[in-house]
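Below: the structure, in structure tokens.
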Amino acid sequence: MATTDAQLLSLRPPYVALEWYRSRTTAFTVTVEDSAGTPINLTGATATMQVKSASGSVLLTLTTVGNAGIALTNPTQGQMTISPEAVGTGSLPISNVLNTDLKLTLSSGVVYVLFRSTITLIDKITA
């Protein structure tokens, strides 16, 4: 990683808008790359994503530890899959503002926040 990488120098991770369907498959893939577009090896890394209410209460935690909603699907190519329904989006409240970020800890101990987000939770329409 280059020390001039704007993301590495930023104190504020990029914002990503997320829409999740409650109690439905909403898996998505995240690829971690350096400023040159080279995948960062995630072998031995851990990733954590907490979904919080507007007041800051933790409503849901996804993590690579125990494959609880985040899996390093192709670690040598910097890829992970995030599957919120694996840990229970059905329990999340529809009317609340939900916030999250994705924290990555590399095996070297270096920690990154890859993105921050507000989640729009959409209730199921068809049973």
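Each chain in the structure tokens gets a letter, A, B, ..., in the order shown, and its residues are numbered from 1; ligands are numbered from 1 in order too.
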Practice problem: Run DSSP on the backbone of this structure and report the residues of chain A it assigns to strand (DSSP E), as a PyMOL selection string. | Solution: chain A and resi 18-21+28-31+46-52+58-63+70-74+79-82+98-105+111-122
Using only C-alpha atoms, what does the table of region 55-75 of chain A residues within 12 Å of region 101-122 of chain A look like, with each row giving the shortest atom pair and its distance in Å to one decimal, sorted by chain and ascending number, as a Markdown table?
| residue | atom | partner | partner_atom | distance |
| --- | --- | --- | --- | --- |
| A:Leu60 | CA | A:Asp101 | CA | 12.0 |
| A:Thr61 | CA | A:Leu102 | CA | 10.6 |
| A:Leu62 | CA | A:Leu102 | CA | 9.3 |
| A:Thr63 | CA | A:Lys103 | CA | 9.4 |
| A:Thr64 | CA | A:Leu104 | CA | 9.8 |
| A:Val65 | CA | A:Thr105 | CA | 11.8 |
| A:Ile70 | CA | A:Leu102 | CA | 10.3 |
| A:Leu72 | CA | A:Leu104 | CA | 11.1 |
| A:Pro75 | CA | A:Leu106 | CA | 11.0 |
Residues as selected, C-alpha atoms, written as a PDB file, in the first residue's frame, can you do that?
ATOM      1  CA  LEU A  60     -26.824  -7.027  14.951  1.00  0.00           C
ATOM      2  CA  THR A  61     -23.172  -8.087  14.685  1.00  0.00           C
ATOM      3  CA  LEU A  62     -21.669  -9.762  11.638  1.00  0.00           C
ATOM      4  CA  THR A  63     -18.115 -11.112  11.775  1.00  0.00           C
ATOM      5  CA  THR A  64     -15.690 -13.540  10.186  1.00  0.00           C
ATOM      6  CA  VAL A  65     -15.202 -15.104  13.617  1.00  0.00           C
ATOM      7  CA  ILE A  70     -19.019 -12.472   6.912  1.00  0.00           C
ATOM      8  CA  LEU A  72     -13.468 -14.473   3.472  1.00  0.00           C
ATOM      9  CA  PRO A  75      -8.868 -14.011   0.696  1.00  0.00           C
TER      10      PRO A  75
END
Residues of region 28-56 of chain A that approach region 78-94 of chain A to 6 Å or less, counting only C-alpha atoms: could you list each one with the shortest pair of atoms and its distance in Å to one decimal, rows by chain and increasing residue number, as a Markdown table?
| residue | atom | partner | partner_atom | distance |
| --- | --- | --- | --- | --- |
| A:Phe28 | CA | A:Ile82 | CA | 5.4 |
| A:Thr29 | CA | A:Thr81 | CA | 4.4 |
| A:Val30 | CA | A:Met80 | CA | 5.4 |
| A:Thr31 | CA | A:Gln79 | CA | 4.4 |
| A:Val32 | CA | A:Gly78 | CA | 4.9 |
| A:Pro39 | CA | A:Gly78 | CA | 5.0 |
| A:Ile40 | CA | A:Gly78 | CA | 4.9 |
| A:Asn41 | CA | A:Gly78 | CA | 5.2 |
| A:Leu42 | CA | A:Gly78 | CA | 5.5 |
Atom pair CA of Gln50 (chain A) + CA of Ala68 (chain A), distance 11.5 Å
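In this model, the gap between CA of Thr126 (chain A) and CA of Ser53 (chain A) comes to 25.9 Å.
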Write down as a PDB file with N, CA and C atoms, in the first residue's frame the residues belonging to chain A that are assigned alpha helix (DSSP H) by DSSP computed on the backbone.
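The resulting file, part-v6.pdb, is reproduced below:
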ATOM      1  N   ALA A   6      -5.127   8.024  -0.845  1.00  0.00           N
ATOM      2  CA  ALA A   6      -6.070   8.968  -0.222  1.00  0.00           C
ATOM      3  C   ALA A   6      -6.920   8.298   0.844  1.00  0.00           C
ATOM      4  N   GLN A   7      -7.320   7.054   0.618  1.00  0.00           N
ATOM      5  CA  GLN A   7      -8.137   6.351   1.609  1.00  0.00           C
ATOM      6  C   GLN A   7      -7.349   6.127   2.894  1.00  0.00           C
ATOM      7  N   LEU A   8      -6.071   5.819   2.786  1.00  0.00           N
ATOM      8  CA  LEU A   8      -5.266   5.583   3.976  1.00  0.00           C
ATOM      9  C   LEU A   8      -5.052   6.871   4.765  1.00  0.00           C
ATOM     10  N   LEU A   9      -5.023   7.986   4.061  1.00  0.00           N
ATOM     11  CA  LEU A   9      -4.797   9.258   4.732  1.00  0.00           C
ATOM     12  C   LEU A   9      -6.088   9.876   5.260  1.00  0.00           C
TER      13      LEU A   9
END
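One distance worth recording is that between CA of Val51 (chain A) and CA of Thr100 (chain A), which is 4.8 Å.
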Glu19 (chain A) proximity check over A:Leu59, A:Ala47, A:Leu98, A:Ile125, using only C-alpha atoms: winner is A:Leu98
